[in-house]
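A short worksheet on the structure shown next.
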Amino acid sequence: MRQKIVAGNWKMNNDLKESLKLISEVANMVTDEVNNDAVIIVAVPFTNIYALDQWKSGSEVHDKVKLAAQNCSWEESGAYTGEVSARMLKSIGADYVILGHSERRQYFAETNAQLAKKVDLALTHELIPIFCIGETLSEREKGIHFEVIKGQLKEGLFHLIKSVFRTVVIAYEPVWAIGTGLTATPEQAQEVHAYIRQLIAEGYDEETAESMSILYGGSANPSNASALFSQTDIDGGLIGGASLKSRDFTDIIKTFNA
Ligand code: PGA
């Protein structure tokens with residue numbers, strides 16, 4: 001059974017106080033209003049993970065929200081000034097890590113080869129990668145988006161053995177839809193999600209393809225979430241802007257309510 005997942009990507013927003021306020025609001029709203037079993041994740045700045053984990057500990061209500069980092073180093077440890085390793089993140093309470101977000105690929109020149117190393121280290125330290133793939137506007141206009149997605153998936157993830165690969169979460173985020181208000185239509189998103197599942201079936205097998213959670217990201221909000229999430233191959237969302245507002249984020253999670 002594929003897991004339903006709604007993950008918020010706070011990006012470089014919220015200092016410690018703001019983070020605690022937002023996660024408390026989300027946890028309270030989720031407790032009162034959400035009656036589905038979607039996994040709820042927030043990917044927060046490195047600096048806030050430890051405190052949010054402390055806030056979570058010992059409370060069933062608080063533990064409804066899982067923590068993710070937004071990046072990790074491709075090295076285990078050593079002389080890499082400014083970097084944060086997968087092992088460190090695990091030790092302060094992260095359960096997931098976003099890898100390959102288009103902003104990392106674009107502004108920090110992350111390559112598929114580096115991302116494959118990050119994926120390996122994350123998995124070694126029991127962090128579940130939320131691996132992002134997606135084409136730019138010009139790649140879509142040139143009609144090469146399927147090729148781009150295939151390359152990102154193969155070079156970033158397909159080296160994993162099947163039992164490990166199955167634990168990864170994939171997020172399809174068309175770059176032209178991120179933070180632009182230009183959401184992919186449910187049909188456009190479904191077409192790519194089905195393609196990703198087909199690539200997994202070819203690279204591994206049908207059963208593996210059916211077991212994987214594939215999230216959509218890119219200007220998802222409470223008004224378009226249900227049309228997107230009701231598509232056959234869309235298992236939830238990676239939510240940027242709308243995850244910074246507790247009301248909107250909870251409403252998106254509620255899309256999965258009965
Ligand atoms: P957005 O961001 O929802 O603000 O478009 C999504 C993301 O970057 O993960």
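Order determines the names: the first chain of the structure tokens is A, the second B, and so forth; residues in each chain are numbered 1 upward, and ligands are numbered 1 upward as they are shown.
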
Give me the residues of chain A that have any atom at most 6 Å from an atom of ligand 1; for each, the nearest atom pair and the distance in Å, rounded to one decimal. Use only C-alpha atoms and all ligand atoms, sort by chain and number, and format it as CSV.
```
residue,atom,partner,partner_atom_place_in_ligand_line,distance
A:Asn9,CA,ligand 1,9 (O),5.5
A:Ala177,CA,ligand 1,5 (O),5.9
A:Ile178,CA,ligand 1,5 (O),3.4
A:Gly179,CA,ligand 1,5 (O),3.6
A:Gly217,CA,ligand 1,6 (C),5.0
A:Gly218,CA,ligand 1,5 (O),3.7
A:Ser219,CA,ligand 1,5 (O),3.5
A:Ala220,CA,ligand 1,3 (O),5.2
A:Leu238,CA,ligand 1,9 (O),5.2
A:Ile239,CA,ligand 1,3 (O),4.3
A:Gly240,CA,ligand 1,2 (O),3.4
A:Gly241,CA,ligand 1,4 (O),3.8
```

_Can you tell me which residues surround Ala258 of chain A at a distance of at most 12 Å, considering only C-alpha atoms, apart from same-chain residues fewer than 5 positions away, and format the answer as a list of chain:residue names?_
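Non-adjacent residues within range: A:Glu33, A:Val34, A:Asn35, A:Asn36, A:Asp37, A:Ala38, A:Ile253.
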
Got time to write the residues from that selection, all heavy atoms, as a PDB file, in the first residue's frame?
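Once everything was written out, this is selection.pdb:
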```pdb
ATOM      1  N   GLU A  33      -8.796  18.337  13.499  1.00  0.00           N
ATOM      2  CA  GLU A  33      -9.527  18.328  12.229  1.00  0.00           C
ATOM      3  C   GLU A  33      -9.171  17.210  11.254  1.00  0.00           C
ATOM      4  O   GLU A  33      -9.903  16.969  10.310  1.00  0.00           O
ATOM      5  CB  GLU A  33      -9.282  19.664  11.506  1.00  0.00           C
ATOM      6  CG  GLU A  33      -9.668  20.882  12.327  1.00  0.00           C
ATOM      7  CD  GLU A  33      -9.255  22.184  11.629  1.00  0.00           C
ATOM      8  OE1 GLU A  33      -9.193  22.200  10.393  1.00  0.00           O
ATOM      9  OE2 GLU A  33      -8.974  23.161  12.339  1.00  0.00           O
ATOM     10  N   VAL A  34      -8.033  16.580  11.466  1.00  0.00           N
ATOM     11  CA  VAL A  34      -7.597  15.605  10.457  1.00  0.00           C
ATOM     12  C   VAL A  34      -7.985  14.197  10.901  1.00  0.00           C
ATOM     13  O   VAL A  34      -7.679  13.787  12.016  1.00  0.00           O
ATOM     14  CB  VAL A  34      -6.073  15.717  10.218  1.00  0.00           C
ATOM     15  CG1 VAL A  34      -5.559  14.579   9.348  1.00  0.00           C
ATOM     16  CG2 VAL A  34      -5.738  17.065   9.575  1.00  0.00           C
ATOM     17  N   ASN A  35      -8.695  13.487  10.032  1.00  0.00           N
ATOM     18  CA  ASN A  35      -9.075  12.121  10.390  1.00  0.00           C
ATOM     19  C   ASN A  35      -8.602  11.127   9.340  1.00  0.00           C
ATOM     20  O   ASN A  35      -9.294  10.172   9.009  1.00  0.00           O
ATOM     21  CB  ASN A  35     -10.587  12.010  10.614  1.00  0.00           C
ATOM     22  CG  ASN A  35     -11.360  12.281   9.333  1.00  0.00           C
ATOM     23  OD1 ASN A  35     -10.780  12.302   8.251  1.00  0.00           O
ATOM     24  ND2 ASN A  35     -12.649  12.492   9.436  1.00  0.00           N
ATOM     25  N   ASN A  36      -7.441  11.407   8.780  1.00  0.00           N
ATOM     26  CA  ASN A  36      -6.881  10.459   7.816  1.00  0.00           C
ATOM     27  C   ASN A  36      -5.498  10.041   8.282  1.00  0.00           C
ATOM     28  O   ASN A  36      -4.972  10.601   9.257  1.00  0.00           O
ATOM     29  CB  ASN A  36      -6.835  11.084   6.417  1.00  0.00           C
ATOM     30  CG  ASN A  36      -5.918  12.302   6.363  1.00  0.00           C
ATOM     31  OD1 ASN A  36      -4.709  12.177   6.567  1.00  0.00           O
ATOM     32  ND2 ASN A  36      -6.472  13.482   6.106  1.00  0.00           N
ATOM     33  N   ASP A  37      -4.923   9.059   7.595  1.00  0.00           N
ATOM     34  CA  ASP A  37      -3.645   8.547   8.081  1.00  0.00           C
ATOM     35  C   ASP A  37      -2.448   9.002   7.240  1.00  0.00           C
ATOM     36  O   ASP A  37      -1.417   8.338   7.207  1.00  0.00           O
ATOM     37  CB  ASP A  37      -3.689   7.021   8.211  1.00  0.00           C
ATOM     38  CG  ASP A  37      -4.019   6.369   6.888  1.00  0.00           C
ATOM     39  OD1 ASP A  37      -4.161   7.111   5.882  1.00  0.00           O
ATOM     40  OD2 ASP A  37      -4.136   5.137   6.842  1.00  0.00           O
ATOM     41  N   ALA A  38      -2.603  10.145   6.578  1.00  0.00           N
ATOM     42  CA  ALA A  38      -1.476  10.675   5.802  1.00  0.00           C
ATOM     43  C   ALA A  38      -0.317  10.983   6.752  1.00  0.00           C
ATOM     44  O   ALA A  38      -0.526  11.452   7.873  1.00  0.00           O
ATOM     45  CB  ALA A  38      -1.893  11.946   5.068  1.00  0.00           C
ATOM     46  N   ILE A 253      -3.812  18.992   4.140  1.00  0.00           N
ATOM     47  CA  ILE A 253      -3.765  17.637   4.737  1.00  0.00           C
ATOM     48  C   ILE A 253      -5.188  17.056   4.800  1.00  0.00           C
ATOM     49  O   ILE A 253      -5.397  15.865   4.559  1.00  0.00           O
ATOM     50  CB  ILE A 253      -3.141  17.687   6.149  1.00  0.00           C
ATOM     51  CG1 ILE A 253      -1.724  18.266   6.095  1.00  0.00           C
ATOM     52  CG2 ILE A 253      -3.105  16.289   6.788  1.00  0.00           C
ATOM     53  CD1 ILE A 253      -1.181  18.738   7.450  1.00  0.00           C
TER      54      ILE A 253
END
```

*Would you return as number ranges by chain the members of segment 21-248 of chain A that DSSP assigns to strand (DSSP E or B) on this structure's backbone?*
A: 39-43, 65-69, 96-99, 128-133, 169-172, 214-217, 236-239

*Can you work out which one of A:Thr31, A:Asn71, A:Thr183, A:Asn221 has the shortest atom-to-atom distance to Asp248 of chain A, counting only C-alpha atoms?*
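Once distances to Asp248 of chain A are computed over only C-alpha atoms, the minimum belongs to A:Asn221.
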
Find the nearest atom pair between each residue of segment 41-110 of chain A and segment 119-127 of chain A for residues within 9 Å, count only C-alpha atoms, give distances in Å to one decimal, sort rows by chain and ascending number, and present the table as CSV.
```
residue,atom,partner,partner_atom,distance
A:Ala68,CA,A:Leu127,CA,8.5
A:Cys72,CA,A:Ala122,CA,7.7
A:Ser73,CA,A:Leu121,CA,8.3
A:Trp74,CA,A:Leu121,CA,6.9
A:Glu75,CA,A:Leu121,CA,7.6
A:Glu76,CA,A:Leu121,CA,6.9
A:Ser85,CA,A:Leu121,CA,8.3
A:Ala86,CA,A:Ala122,CA,5.3
A:Arg87,CA,A:His125,CA,5.5
A:Leu89,CA,A:Leu127,CA,8.3
A:Lys90,CA,A:Leu127,CA,6.5
A:Ala94,CA,A:Leu127,CA,7.1
A:Asp95,CA,A:Leu127,CA,5.1
A:Tyr96,CA,A:Leu127,CA,4.9
A:Val97,CA,A:Leu127,CA,6.3
A:Leu99,CA,A:Val119,CA,7.3
```

How would the residues just chosen look if you wrote them out with N, CA and C atoms as a tab-separated table (two decimals), in the first residue's frame?
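This went into selection.tsv:
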```
chain	number	residue	atom	x	y	z
A	68	ALA	N	11.85	16.92	8.91
A	68	ALA	CA	12.80	16.69	7.81
A	68	ALA	C	13.80	17.83	7.75
A	72	CYS	N	21.54	17.70	2.97
A	72	CYS	CA	22.62	17.21	3.82
A	72	CYS	C	23.88	17.13	2.96
A	73	SER	N	25.01	16.94	3.61
A	73	SER	CA	26.27	16.87	2.87
A	73	SER	C	26.40	15.56	2.11
A	74	TRP	N	27.22	15.55	1.05
A	74	TRP	CA	27.49	14.29	0.35
A	74	TRP	C	28.72	13.58	0.93
A	75	GLU	N	29.26	14.18	1.99
A	75	GLU	CA	30.38	13.53	2.67
A	75	GLU	C	29.96	13.11	4.07
A	76	GLU	N	30.62	12.11	4.58
A	76	GLU	CA	30.30	11.57	5.91
A	76	GLU	C	30.71	12.54	7.02
A	85	SER	N	26.10	16.99	8.18
A	85	SER	CA	26.04	15.61	7.68
A	85	SER	C	24.73	14.92	8.02
A	86	ALA	N	24.47	13.85	7.29
A	86	ALA	CA	23.26	13.05	7.53
A	86	ALA	C	23.25	12.50	8.95
A	87	ARG	N	24.40	12.07	9.42
A	87	ARG	CA	24.47	11.50	10.77
A	87	ARG	C	24.10	12.54	11.83
A	89	LEU	N	22.16	15.10	11.41
A	89	LEU	CA	20.72	15.39	11.31
A	89	LEU	C	19.89	14.31	11.99
A	90	LYS	N	20.31	13.08	11.79
A	90	LYS	CA	19.59	11.98	12.44
A	90	LYS	C	19.70	12.12	13.96
A	94	ALA	N	15.83	14.46	13.00
A	94	ALA	CA	15.24	14.42	11.66
A	94	ALA	C	14.96	12.97	11.27
A	95	ASP	N	13.84	12.75	10.61
A	95	ASP	CA	13.52	11.42	10.09
A	95	ASP	C	13.62	11.37	8.57
A	96	TYR	N	13.50	12.53	7.95
A	96	TYR	CA	13.51	12.63	6.49
A	96	TYR	C	14.50	13.72	6.08
A	97	VAL	N	14.88	13.71	4.82
A	97	VAL	CA	15.67	14.82	4.28
A	97	VAL	C	15.27	15.05	2.82
A	99	LEU	N	16.14	15.98	-0.74
A	99	LEU	CA	17.37	16.00	-1.55
A	99	LEU	C	17.02	16.33	-3.00
```

*Any idea what the distance is between atom CA of Leu52 of chain A and atom CA of Gly8 of chain A?*
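These two atoms are separated by 14.4 Å.
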